Amino acid sequence: MTPPKHIALIGCGFTGTSAFYQLVDKYPISEITIFEASGEYGPGLPYRSDECDDYLLNNTNDTLCIEPNNRLAFLNWLNSNPELPPGVEMPEITPRGNLPRTFYGYFLKDVFKTTRTNAAIKDIKVNLIDAEATEIFEDKKHLTIKWDRGEVTVDKVILTTGHCPQVDRYEEPTDGSKALYFPDHVNEPSLDSIPIDATCYILGASLSAYDVVGRLFSKTSGCHFERDENGILKYFPGTNERSVILCSRSGRLKKMKSRTQKEINRQYFTLKNLTSLASNGSLQLEDIALAIKKDCENHNGKINWGEIIEPYKNCRNTAEVDHKAAEILEKDVRTAIEGTARNILVDIFGDAGLEIWDIFAARLISPQEENRYRAHYETMTLTHEAACPISTAEKLLALHNAGKLQIIKGVENVSFDKKKDAYLIEHEFGCNHASVLLNTTGSVDRNILSSHQPTLVQNMVKSNLMKPYVCSGDQMPGVDVDINTFRINGTDNIYLASQLLWGPGFYTSGAIYLATFVDRILKSLFNT
């Protein structure tokens, strides 16, 4: 295969910046065309400079990369005394710390800027198009990309659009209502207008929900957090009289990484071992669970497996659910901080992240077993793999201990009641009325047949350049893609590195994942 001379990147947040950097740094490319509709190249949606400072990076400083072979790139940049925007001061830097997201945005803007300089030094032509790509046409050798003001012909396209579109599945309050509804929290200044005495219901118990909690109880809201003589974080409300109820289907709270890194040496939960076990047929989920248990035992990991599978098994009402959630959270925080024990599943899944992706790519389980995983175990897995910062968990615990945070599980339906002028949140133990509702349910649309998708995706579906992923006869989130090469099935020259890979593959929301996908795509394109 002849290496491409001209590659287009559609989208230039983290993934597009990583692809741009890797192309210029390592490959004999002649021309790169980059589409970014916002006109701001580098930070992308989550890391913009105008984002809330209370939204933290969920990954620690020593794990954030721009290419997969150097996970210390962000930490090294922080320690290099970089030039920051006027008025922005560098906070205290620790390897296992979690900075505001905006700092990763400053890093990405710097990477993009220096990569443009390096491209000029290497005589690589770079075309920046501040517009939304709307159509792609493909013949066997070339592709034509159109936008509202023109078109360009290239050899290969990588869709580096990162995030999927936001989608709102809940109705707005009617005209004249006193209820408040916030369908999104990213780049959303209106959240700061929530009354200081409001009872805030948050749909979701994910990292996004934690962002909103941090914002509702930020220093600027009149409250503060302080450690007591035993080092335990305490909440002091000051003028902030808000309270929060986290509402979700599972009620699971995120786990957290240990403050002190410890060695992991997996022997059973590996692609090699699982492939050998699958040599006589597809694996069952129980085979994979047994491999994970063996590795946990090898690391002296003490786990209450019943609690992992059904954390609220014997809870009979909302009060018991809430008490159990706080009990689990307190234990997890203590384990992560003290270091005498360890949140072993977090360590195992964190170490195995990319290999989990490769296990999915190898299709070691049947489509029926994959459907069972998606329906019953994916949320549990991501509770451990997509862990939260210890500092965030400590604040949640402090708020709960102060009576300012509650957990509700088993949410079944959410609707707006005009007569009550409130949202009705129906759950397995009853129904709550909410006057302030915030939606953080991971409300991104990975259904490519949805009308919420951008024009480019809709047109690619119409022209048969993109099809939904189908598993065991069921349409799933994501795109039908060759999960080993990341080429979209049915095309010759279009590659995918975005959240639309989360469907046929594993969870994608992490710098190391998307940087690795880009690395693998480019290695295949340039035969390296």
# chains A, B, ... in the order shown; residues from 1 in each chain; ligands from 1

call {"tool": "residues_around", "arguments": {"residues": "Ser49 (chain A)", "least_positions_apart": "3", "cutoff": "8 Å", "atoms": "only C-alpha atoms", "output": "PyMOL selection string"}}
result
chain A and resi 102-103+105-106

call {"tool": "write_last_selection", "arguments": {"atoms": "N, CA and C atoms", "output": "PDB file, in the first residue's frame"}}
result
ATOM      1  N   THR A 102      -9.153  23.103  32.418  1.00  0.00           N
ATOM      2  CA  THR A 102      -8.640  24.180  31.573  1.00  0.00           C
ATOM      3  C   THR A 102      -7.132  24.076  31.355  1.00  0.00           C
ATOM      4  N   PHE A 103      -6.415  23.520  32.335  1.00  0.00           N
ATOM      5  CA  PHE A 103      -4.960  23.429  32.191  1.00  0.00           C
ATOM      6  C   PHE A 103      -4.567  22.431  31.108  1.00  0.00           C
ATOM      7  N   GLY A 105      -6.360  22.048  28.519  1.00  0.00           N
ATOM      8  CA  GLY A 105      -6.636  22.829  27.314  1.00  0.00           C
ATOM      9  C   GLY A 105      -5.478  23.738  26.949  1.00  0.00           C
ATOM     10  N   TYR A 106      -4.843  24.379  27.957  1.00  0.00           N
ATOM     11  CA  TYR A 106      -3.667  25.216  27.679  1.00  0.00           C
ATOM     12  C   TYR A 106      -2.548  24.369  27.069  1.00  0.00           C
TER      13      TYR A 106
END

call {"tool": "residues_around", "arguments": {"residues": "Asn58 (chain A)", "least_positions_apart": "6", "cutoff": "9 Å", "atoms": "only C-alpha atoms", "output": "PyMOL selection string"}}
result
chain A and resi 98-99+101+207+386-389

call {"tool": "residues_around", "arguments": {"residues": "region 270-274 of chain A", "least_positions_apart": "4", "cutoff": "12 Å", "atoms": "only C-alpha atoms", "output": "PDB file with C-alpha atoms, in the first residue's frame"}}
result
ATOM      1  CA  ASN A 265       1.463  -8.051  37.404  1.00  0.00           C
ATOM      2  CA  ARG A 266      -1.544  -9.566  35.666  1.00  0.00           C
ATOM      3  CA  ALA A 278     -11.044 -19.459  24.026  1.00  0.00           C
ATOM      4  CA  SER A 279      -9.168 -21.823  21.694  1.00  0.00           C
ATOM      5  CA  ASN A 280     -11.997 -24.373  21.864  1.00  0.00           C
ATOM      6  CA  GLY A 281     -14.823 -21.873  21.489  1.00  0.00           C
ATOM      7  CA  SER A 282     -16.140 -18.566  22.755  1.00  0.00           C
ATOM      8  CA  LEU A 283     -15.577 -17.555  26.343  1.00  0.00           C
ATOM      9  CA  GLN A 284     -18.379 -16.998  28.823  1.00  0.00           C
ATOM     10  CA  LEU A 285     -18.368 -13.849  30.921  1.00  0.00           C
ATOM     11  CA  GLU A 286     -17.835 -16.097  33.921  1.00  0.00           C
ATOM     12  CA  ASP A 287     -14.485 -17.237  32.434  1.00  0.00           C
ATOM     13  CA  ILE A 288     -13.314 -13.624  32.263  1.00  0.00           C
ATOM     14  CA  ALA A 289     -14.619 -12.904  35.775  1.00  0.00           C
ATOM     15  CA  LEU A 290     -12.650 -15.887  37.100  1.00  0.00           C
ATOM     16  CA  ALA A 291      -9.460 -14.571  35.457  1.00  0.00           C
ATOM     17  CA  ILE A 292     -10.008 -11.184  37.106  1.00  0.00           C
ATOM     18  CA  LYS A 294      -7.393 -14.823  40.208  1.00  0.00           C
ATOM     19  CA  ASP A 295      -5.349 -11.697  39.494  1.00  0.00           C
ATOM     20  CA  ILE A 348      -6.466  -4.102  37.737  1.00  0.00           C
ATOM     21  CA  PHE A 349      -8.799  -2.362  35.274  1.00  0.00           C
ATOM     22  CA  ASP A 351      -3.578  -1.397  34.241  1.00  0.00           C
ATOM     23  CA  ALA A 352      -5.553  -3.490  31.722  1.00  0.00           C
ATOM     24  CA  GLY A 353      -7.408  -0.636  30.003  1.00  0.00           C
ATOM     25  CA  LEU A 354      -5.901  -0.965  26.537  1.00  0.00           C
ATOM     26  CA  GLU A 355      -5.777  -4.735  26.785  1.00  0.00           C
ATOM     27  CA  ILE A 356      -9.516  -4.769  27.542  1.00  0.00           C
ATOM     28  CA  TRP A 357      -9.933  -2.956  24.241  1.00  0.00           C
ATOM     29  CA  ASP A 358      -7.866  -5.636  22.504  1.00  0.00           C
ATOM     30  CA  ILE A 359      -9.928  -8.362  24.187  1.00  0.00           C
ATOM     31  CA  PHE A 360     -13.032  -6.813  22.628  1.00  0.00           C
ATOM     32  CA  ALA A 361     -11.253  -6.536  19.268  1.00  0.00           C
ATOM     33  CA  ALA A 362     -10.352 -10.246  19.407  1.00  0.00           C
ATOM     34  CA  ARG A 363     -14.072 -11.115  19.797  1.00  0.00           C
ATOM     35  CA  LEU A 364     -13.356 -13.791  22.406  1.00  0.00           C
ATOM     36  CA  ILE A 365     -16.966 -13.818  23.570  1.00  0.00           C
TER      37      ILE A 365
END

call {"tool": "closest_residue", "arguments": {"among": "A:Phe217, A:Tyr373, A:Phe236, A:Phe269", "to": "Asp192 (chain A)", "atoms": "only C-alpha atoms"}}
result
A:Phe217

call {"tool": "closest_residue", "arguments": {"among": "A:Glu378, A:Asp130, A:Asp168, A:Glu89", "to": "Phe35 (chain A)", "atoms": "only C-alpha atoms"}}
result
A:Asp130

call {"tool": "atom_distance", "arguments": {"atom1": "CA of Ile390 (chain A)", "atom2": "CA of Thr239 (chain A)"}}
result
25.7 Å

call {"tool": "residues_around", "arguments": {"residues": "Leu78 (chain A)", "least_positions_apart": "4", "cutoff": "12 Å", "atoms": "only C-alpha atoms", "output": "PDB file with N, CA, C and O atoms, in the first residue's frame"}}
result
ATOM      1  N   ASN A  61      -2.259  13.801  36.798  1.00  0.00           N
ATOM      2  CA  ASN A  61      -1.313  14.537  35.949  1.00  0.00           C
ATOM      3  C   ASN A  61      -0.279  13.640  35.284  1.00  0.00           C
ATOM      4  O   ASN A  61       0.217  13.949  34.197  1.00  0.00           O
ATOM      5  N   ASP A  62       0.063  12.533  35.940  1.00  0.00           N
ATOM      6  CA  ASP A  62       1.121  11.658  35.409  1.00  0.00           C
ATOM      7  C   ASP A  62       0.604  10.609  34.434  1.00  0.00           C
ATOM      8  O   ASP A  62       1.336   9.670  34.094  1.00  0.00           O
ATOM      9  N   LEU A  64      -1.583  11.720  31.630  1.00  0.00           N
ATOM     10  CA  LEU A  64      -2.181  12.419  30.487  1.00  0.00           C
ATOM     11  C   LEU A  64      -1.132  12.623  29.396  1.00  0.00           C
ATOM     12  O   LEU A  64      -0.116  13.281  29.591  1.00  0.00           O
ATOM     13  N   LEU A  72       3.773  10.870  30.504  1.00  0.00           N
ATOM     14  CA  LEU A  72       4.165  11.978  31.379  1.00  0.00           C
ATOM     15  C   LEU A  72       4.194  13.321  30.645  1.00  0.00           C
ATOM     16  O   LEU A  72       4.659  14.314  31.188  1.00  0.00           O
ATOM     17  N   ALA A  73       3.687  13.351  29.413  1.00  0.00           N
ATOM     18  CA  ALA A  73       3.804  14.567  28.597  1.00  0.00           C
ATOM     19  C   ALA A  73       3.196  15.783  29.288  1.00  0.00           C
ATOM     20  O   ALA A  73       3.818  16.851  29.344  1.00  0.00           O
ATOM     21  N   PHE A  74       2.000  15.638  29.813  1.00  0.00           N
ATOM     22  CA  PHE A  74       1.338  16.771  30.462  1.00  0.00           C
ATOM     23  C   PHE A  74       2.085  17.194  31.726  1.00  0.00           C
ATOM     24  O   PHE A  74       2.322  18.387  31.955  1.00  0.00           O
ATOM     25  N   PRO A  82       5.541  26.620  31.746  1.00  0.00           N
ATOM     26  CA  PRO A  82       4.986  27.100  30.474  1.00  0.00           C
ATOM     27  C   PRO A  82       4.350  28.476  30.608  1.00  0.00           C
ATOM     28  O   PRO A  82       3.970  28.914  31.705  1.00  0.00           O
ATOM     29  N   GLU A  83       4.215  29.131  29.489  1.00  0.00           N
ATOM     30  CA  GLU A  83       3.550  30.435  29.463  1.00  0.00           C
ATOM     31  C   GLU A  83       2.040  30.214  29.508  1.00  0.00           C
ATOM     32  O   GLU A  83       1.470  29.509  28.677  1.00  0.00           O
ATOM     33  N   LEU A  84       1.375  30.804  30.500  1.00  0.00           N
ATOM     34  CA  LEU A  84      -0.067  30.667  30.666  1.00  0.00           C
ATOM     35  C   LEU A  84      -0.757  31.979  30.295  1.00  0.00           C
ATOM     36  O   LEU A  84      -0.112  33.034  30.255  1.00  0.00           O
ATOM     37  N   GLU A  89      -2.639  31.543  37.187  1.00  0.00           N
ATOM     38  CA  GLU A  89      -1.477  31.122  37.965  1.00  0.00           C
ATOM     39  C   GLU A  89      -1.388  29.606  38.005  1.00  0.00           C
ATOM     40  O   GLU A  89      -2.403  28.915  38.073  1.00  0.00           O
ATOM     41  N   MET A  90      -0.176  29.107  37.980  1.00  0.00           N
ATOM     42  CA  MET A  90       0.039  27.664  38.040  1.00  0.00           C
ATOM     43  C   MET A  90      -0.222  27.177  39.468  1.00  0.00           C
ATOM     44  O   MET A  90       0.385  27.666  40.417  1.00  0.00           O
ATOM     45  N   PRO A  91      -1.127  26.229  39.650  1.00  0.00           N
ATOM     46  CA  PRO A  91      -1.367  25.684  40.993  1.00  0.00           C
ATOM     47  C   PRO A  91      -0.248  24.744  41.398  1.00  0.00           C
ATOM     48  O   PRO A  91       0.680  24.472  40.622  1.00  0.00           O
ATOM     49  N   GLU A  92      -0.356  24.216  42.595  1.00  0.00           N
ATOM     50  CA  GLU A  92       0.623  23.231  43.054  1.00  0.00           C
ATOM     51  C   GLU A  92       0.545  21.981  42.175  1.00  0.00           C
ATOM     52  O   GLU A  92      -0.536  21.479  41.885  1.00  0.00           O
ATOM     53  N   ILE A  93       1.707  21.493  41.752  1.00  0.00           N
ATOM     54  CA  ILE A  93       1.755  20.346  40.841  1.00  0.00           C
ATOM     55  C   ILE A  93       2.230  19.108  41.590  1.00  0.00           C
ATOM     56  O   ILE A  93       3.306  19.113  42.193  1.00  0.00           O
ATOM     57  N   THR A  94       1.433  18.065  41.572  1.00  0.00           N
ATOM     58  CA  THR A  94       1.839  16.755  42.101  1.00  0.00           C
ATOM     59  C   THR A  94       1.526  15.713  41.044  1.00  0.00           C
ATOM     60  O   THR A  94       0.508  15.831  40.342  1.00  0.00           O
ATOM     61  N   PRO A  95       2.372  14.699  40.900  1.00  0.00           N
ATOM     62  CA  PRO A  95       2.134  13.691  39.857  1.00  0.00           C
ATOM     63  C   PRO A  95       0.754  13.050  39.921  1.00  0.00           C
ATOM     64  O   PRO A  95       0.118  12.827  38.899  1.00  0.00           O
ATOM     65  N   GLY A  97      -1.926  14.287  41.273  1.00  0.00           N
ATOM     66  CA  GLY A  97      -2.965  15.289  41.478  1.00  0.00           C
ATOM     67  C   GLY A  97      -3.890  15.398  40.279  1.00  0.00           C
ATOM     68  O   GLY A  97      -3.653  14.817  39.213  1.00  0.00           O
ATOM     69  N   LEU A  99      -5.774  18.489  38.204  1.00  0.00           N
ATOM     70  CA  LEU A  99      -5.922  19.925  37.991  1.00  0.00           C
ATOM     71  C   LEU A  99      -7.261  20.246  37.320  1.00  0.00           C
ATOM     72  O   LEU A  99      -7.917  19.356  36.770  1.00  0.00           O
ATOM     73  N   PHE A 103      -6.415  23.520  32.335  1.00  0.00           N
ATOM     74  CA  PHE A 103      -4.960  23.429  32.191  1.00  0.00           C
ATOM     75  C   PHE A 103      -4.567  22.431  31.108  1.00  0.00           C
ATOM     76  O   PHE A 103      -3.556  22.619  30.410  1.00  0.00           O
ATOM     77  N   TYR A 104      -5.352  21.389  30.932  1.00  0.00           N
ATOM     78  CA  TYR A 104      -5.071  20.471  29.831  1.00  0.00           C
ATOM     79  C   TYR A 104      -5.374  21.156  28.503  1.00  0.00           C
ATOM     80  O   TYR A 104      -4.701  20.915  27.498  1.00  0.00           O
ATOM     81  N   TYR A 106      -4.843  24.379  27.957  1.00  0.00           N
ATOM     82  CA  TYR A 106      -3.667  25.216  27.679  1.00  0.00           C
ATOM     83  C   TYR A 106      -2.548  24.369  27.069  1.00  0.00           C
ATOM     84  O   TYR A 106      -1.844  24.796  26.147  1.00  0.00           O
ATOM     85  N   PHE A 107      -2.381  23.159  27.610  1.00  0.00           N
ATOM     86  CA  PHE A 107      -1.369  22.244  27.091  1.00  0.00           C
ATOM     87  C   PHE A 107      -1.650  21.896  25.631  1.00  0.00           C
ATOM     88  O   PHE A 107      -0.749  21.962  24.774  1.00  0.00           O
ATOM     89  N   LEU A 108      -2.899  21.560  25.319  1.00  0.00           N
ATOM     90  CA  LEU A 108      -3.241  21.160  23.948  1.00  0.00           C
ATOM     91  C   LEU A 108      -3.067  22.318  22.964  1.00  0.00           C
ATOM     92  O   LEU A 108      -2.621  22.113  21.833  1.00  0.00           O
ATOM     93  N   ASP A 110      -0.896  24.669  23.260  1.00  0.00           N
ATOM     94  CA  ASP A 110       0.551  24.799  23.091  1.00  0.00           C
ATOM     95  C   ASP A 110       1.078  23.710  22.155  1.00  0.00           C
ATOM     96  O   ASP A 110       1.926  23.974  21.289  1.00  0.00           O
TER      97      ASP A 110
END

call {"tool": "closest_atom_pairs", "arguments": {"of": "region 170-251 of chain A", "to": "region 440-459 of chain A", "cutoff": "7 Å", "atoms": "only C-alpha atoms", "output": "CSV"}}
result
residue,atom,partner,partner_atom,distance
A:Asp184,CA,A:Thr440,CA,6.6
A:Ile202,CA,A:Thr440,CA,6.8
A:Leu203,CA,A:Thr440,CA,5.6
A:Gly204,CA,A:Thr441,CA,4.6
A:Ser208,CA,A:Thr440,CA,5.7
A:Ala209,CA,A:Thr440,CA,5.5

call {"tool": "write_last_selection", "arguments": {"atoms": "N, CA and C atoms", "output": "CSV table (one decimal), in the first residue's frame"}}
result
chain,number,residue,atom,x,y,z
A,184,ASP,N,-27.5,20.3,30.2
A,184,ASP,CA,-26.1,20.0,30.0
A,184,ASP,C,-25.4,20.9,31.1
A,202,ILE,N,-29.8,15.7,40.6
A,202,ILE,CA,-28.9,15.5,39.5
A,202,ILE,C,-29.2,14.1,39.0
A,203,LEU,N,-29.5,14.0,37.7
A,203,LEU,CA,-29.7,12.7,37.0
A,203,LEU,C,-28.4,12.2,36.6
A,204,GLY,N,-28.0,11.1,37.2
A,204,GLY,CA,-26.7,10.5,37.0
A,204,GLY,C,-25.8,10.5,38.2
A,208,SER,N,-19.5,13.3,35.4
A,208,SER,CA,-20.1,14.5,35.1
A,208,SER,C,-21.0,15.0,36.2
A,209,ALA,N,-21.7,14.1,36.9
A,209,ALA,CA,-22.4,14.5,38.1
A,209,ALA,C,-21.5,15.1,39.2

call {"tool": "residues_around", "arguments": {"residues": "Asn317 (chain A)", "least_positions_apart": "6", "cutoff": "12 Å", "atoms": "only C-alpha atoms", "output": "list of chain:residue names"}}
result
A:His323, A:Lys324, A:Ile407, A:Ile408, A:Lys409, A:Gly410, A:His427, A:Glu428, A:Phe429, A:Gly430, A:Cys431

call {"tool": "write_last_selection", "arguments": {"atoms": "all heavy atoms", "output": "PDB file, in the first residue's frame"}}
result
ATOM      1  N   HIS A 323     -27.631   5.090  53.088  1.00  0.00           N
ATOM      2  CA  HIS A 323     -26.678   4.702  54.137  1.00  0.00           C
ATOM      3  C   HIS A 323     -25.621   3.755  53.579  1.00  0.00           C
ATOM      4  O   HIS A 323     -24.421   3.897  53.875  1.00  0.00           O
ATOM      5  CB  HIS A 323     -27.430   4.040  55.291  1.00  0.00           C
ATOM      6  CG  HIS A 323     -26.527   3.546  56.382  1.00  0.00           C
ATOM      7  ND1 HIS A 323     -25.983   4.382  57.334  1.00  0.00           N
ATOM      8  CD2 HIS A 323     -26.046   2.287  56.655  1.00  0.00           C
ATOM      9  CE1 HIS A 323     -25.209   3.679  58.151  1.00  0.00           C
ATOM     10  NE2 HIS A 323     -25.239   2.411  57.761  1.00  0.00           N
ATOM     11  N   LYS A 324     -26.060   2.800  52.765  1.00  0.00           N
ATOM     12  CA  LYS A 324     -25.111   1.826  52.194  1.00  0.00           C
ATOM     13  C   LYS A 324     -24.141   2.504  51.232  1.00  0.00           C
ATOM     14  O   LYS A 324     -22.932   2.207  51.228  1.00  0.00           O
ATOM     15  CB  LYS A 324     -25.880   0.719  51.453  1.00  0.00           C
ATOM     16  CG  LYS A 324     -24.997  -0.386  50.899  1.00  0.00           C
ATOM     17  CD  LYS A 324     -24.277  -1.143  52.000  1.00  0.00           C
ATOM     18  CE  LYS A 324     -23.478  -2.306  51.460  1.00  0.00           C
ATOM     19  NZ  LYS A 324     -22.754  -3.031  52.533  1.00  0.00           N
ATOM     20  N   ILE A 407     -28.224   9.747  47.957  1.00  0.00           N
ATOM     21  CA  ILE A 407     -28.188   8.861  46.792  1.00  0.00           C
ATOM     22  C   ILE A 407     -29.541   8.190  46.636  1.00  0.00           C
ATOM     23  O   ILE A 407     -30.091   7.629  47.592  1.00  0.00           O
ATOM     24  CB  ILE A 407     -27.108   7.766  46.947  1.00  0.00           C
ATOM     25  CG1 ILE A 407     -25.770   8.373  47.371  1.00  0.00           C
ATOM     26  CG2 ILE A 407     -26.976   6.955  45.661  1.00  0.00           C
ATOM     27  CD1 ILE A 407     -25.187   9.338  46.396  1.00  0.00           C
ATOM     28  N   ILE A 408     -30.095   8.238  45.425  1.00  0.00           N
ATOM     29  CA  ILE A 408     -31.314   7.501  45.091  1.00  0.00           C
ATOM     30  C   ILE A 408     -31.006   6.572  43.931  1.00  0.00           C
ATOM     31  O   ILE A 408     -30.392   6.978  42.945  1.00  0.00           O
ATOM     32  CB  ILE A 408     -32.458   8.461  44.709  1.00  0.00           C
ATOM     33  CG1 ILE A 408     -32.958   9.216  45.934  1.00  0.00           C
ATOM     34  CG2 ILE A 408     -33.610   7.704  44.055  1.00  0.00           C
ATOM     35  CD1 ILE A 408     -34.055  10.217  45.635  1.00  0.00           C
ATOM     36  N   LYS A 409     -31.403   5.304  44.032  1.00  0.00           N
ATOM     37  CA  LYS A 409     -31.170   4.341  42.951  1.00  0.00           C
ATOM     38  C   LYS A 409     -32.497   3.860  42.365  1.00  0.00           C
ATOM     39  O   LYS A 409     -33.572   4.096  42.921  1.00  0.00           O
ATOM     40  CB  LYS A 409     -30.370   3.133  43.464  1.00  0.00           C
ATOM     41  CG  LYS A 409     -31.160   2.180  44.334  1.00  0.00           C
ATOM     42  CD  LYS A 409     -30.352   0.910  44.655  1.00  0.00           C
ATOM     43  CE  LYS A 409     -30.273  -0.030  43.479  1.00  0.00           C
ATOM     44  NZ  LYS A 409     -31.515  -0.804  43.285  1.00  0.00           N
ATOM     45  N   GLY A 410     -32.376   3.158  41.245  1.00  0.00           N
ATOM     46  CA  GLY A 410     -33.550   2.558  40.623  1.00  0.00           C
ATOM     47  C   GLY A 410     -34.439   3.544  39.904  1.00  0.00           C
ATOM     48  O   GLY A 410     -35.652   3.330  39.806  1.00  0.00           O
ATOM     49  N   HIS A 427     -38.766   6.166  41.105  1.00  0.00           N
ATOM     50  CA  HIS A 427     -37.716   5.185  41.353  1.00  0.00           C
ATOM     51  C   HIS A 427     -38.322   3.991  42.085  1.00  0.00           C
ATOM     52  O   HIS A 427     -39.522   3.976  42.380  1.00  0.00           O
ATOM     53  CB  HIS A 427     -36.569   5.804  42.152  1.00  0.00           C
ATOM     54  CG  HIS A 427     -36.995   6.524  43.386  1.00  0.00           C
ATOM     55  ND1 HIS A 427     -37.146   5.903  44.611  1.00  0.00           N
ATOM     56  CD2 HIS A 427     -37.323   7.840  43.596  1.00  0.00           C
ATOM     57  CE1 HIS A 427     -37.530   6.778  45.515  1.00  0.00           C
ATOM     58  NE2 HIS A 427     -37.644   7.969  44.939  1.00  0.00           N
ATOM     59  N   GLU A 428     -37.500   2.995  42.340  1.00  0.00           N
ATOM     60  CA  GLU A 428     -38.055   1.737  42.838  1.00  0.00           C
ATOM     61  C   GLU A 428     -38.676   1.841  44.220  1.00  0.00           C
ATOM     62  O   GLU A 428     -39.451   0.976  44.634  1.00  0.00           O
ATOM     63  CB  GLU A 428     -36.993   0.646  42.829  1.00  0.00           C
ATOM     64  CG  GLU A 428     -35.797   0.902  43.738  1.00  0.00           C
ATOM     65  CD  GLU A 428     -34.774  -0.217  43.662  1.00  0.00           C
ATOM     66  OE1 GLU A 428     -35.073  -1.326  44.145  1.00  0.00           O
ATOM     67  OE2 GLU A 428     -33.692   0.022  43.087  1.00  0.00           O
ATOM     68  N   PHE A 429     -38.364   2.902  44.959  1.00  0.00           N
ATOM     69  CA  PHE A 429     -38.913   3.037  46.303  1.00  0.00           C
ATOM     70  C   PHE A 429     -39.925   4.180  46.415  1.00  0.00           C
ATOM     71  O   PHE A 429     -40.347   4.529  47.510  1.00  0.00           O
ATOM     72  CB  PHE A 429     -37.794   3.253  47.318  1.00  0.00           C
ATOM     73  CG  PHE A 429     -36.834   2.092  47.397  1.00  0.00           C
ATOM     74  CD1 PHE A 429     -35.497   2.262  47.076  1.00  0.00           C
ATOM     75  CD2 PHE A 429     -37.270   0.831  47.778  1.00  0.00           C
ATOM     76  CE1 PHE A 429     -34.604   1.190  47.142  1.00  0.00           C
ATOM     77  CE2 PHE A 429     -36.394  -0.239  47.852  1.00  0.00           C
ATOM     78  CZ  PHE A 429     -35.058  -0.069  47.536  1.00  0.00           C
ATOM     79  N   GLY A 430     -40.289   4.798  45.302  1.00  0.00           N
ATOM     80  CA  GLY A 430     -41.261   5.879  45.380  1.00  0.00           C
ATOM     81  C   GLY A 430     -41.083   6.913  44.294  1.00  0.00           C
ATOM     82  O   GLY A 430     -40.622   6.615  43.186  1.00  0.00           O
ATOM     83  N   CYS A 431     -41.417   8.159  44.618  1.00  0.00           N
ATOM     84  CA  CYS A 431     -41.358   9.244  43.637  1.00  0.00           C
ATOM     85  C   CYS A 431     -40.972  10.543  44.348  1.00  0.00           C
ATOM     86  O   CYS A 431     -41.553  10.887  45.381  1.00  0.00           O
ATOM     87  CB  CYS A 431     -42.717   9.409  42.953  1.00  0.00           C
ATOM     88  SG  CYS A 431     -42.781  10.718  41.710  1.00  0.00           S
TER      89      CYS A 431
END

call {"tool": "closest_residue", "arguments": {"among": "A:Lys146, A:Lys404, A:His163, A:His299", "to": "Ser509 (chain A)", "atoms": "only C-alpha atoms"}}
result
A:His163

call {"tool": "select_by_dssp", "arguments": {"residues": "region 124-168 of chain A", "states": "strand (DSSP E or B)", "output": "ChimeraX atom specification"}}
result
/A:125-129,135-138,143-147,150-154,156-162,166

call {"tool": "residues_around", "arguments": {"residues": "Cys12 (chain A)", "least_positions_apart": "2", "cutoff": "6 Å", "atoms": "only C-alpha atoms", "output": "list in words"}}
result
Gly16, Thr17, Glu36, Tyr41 and Gly42 of chain A

call {"tool": "closest_residue", "arguments": {"among": "A:Arg259, A:Lys26, A:His384, A:Arg372", "to": "Arg334 (chain A)", "atoms": "only C-alpha atoms"}}
result
A:Arg259

call {"tool": "closest_residue", "arguments": {"among": "A:Phe182, A:Phe137, A:Phe517, A:Tyr27", "to": "Thr491 (chain A)", "atoms": "only C-alpha atoms"}}
result
A:Phe137

call {"tool": "closest_residue", "arguments": {"among": "A:Asp228, A:Asp211, A:Asp54, A:Glu241", "to": "Thr199 (chain A)", "atoms": "only C-alpha atoms"}}
result
A:Glu241
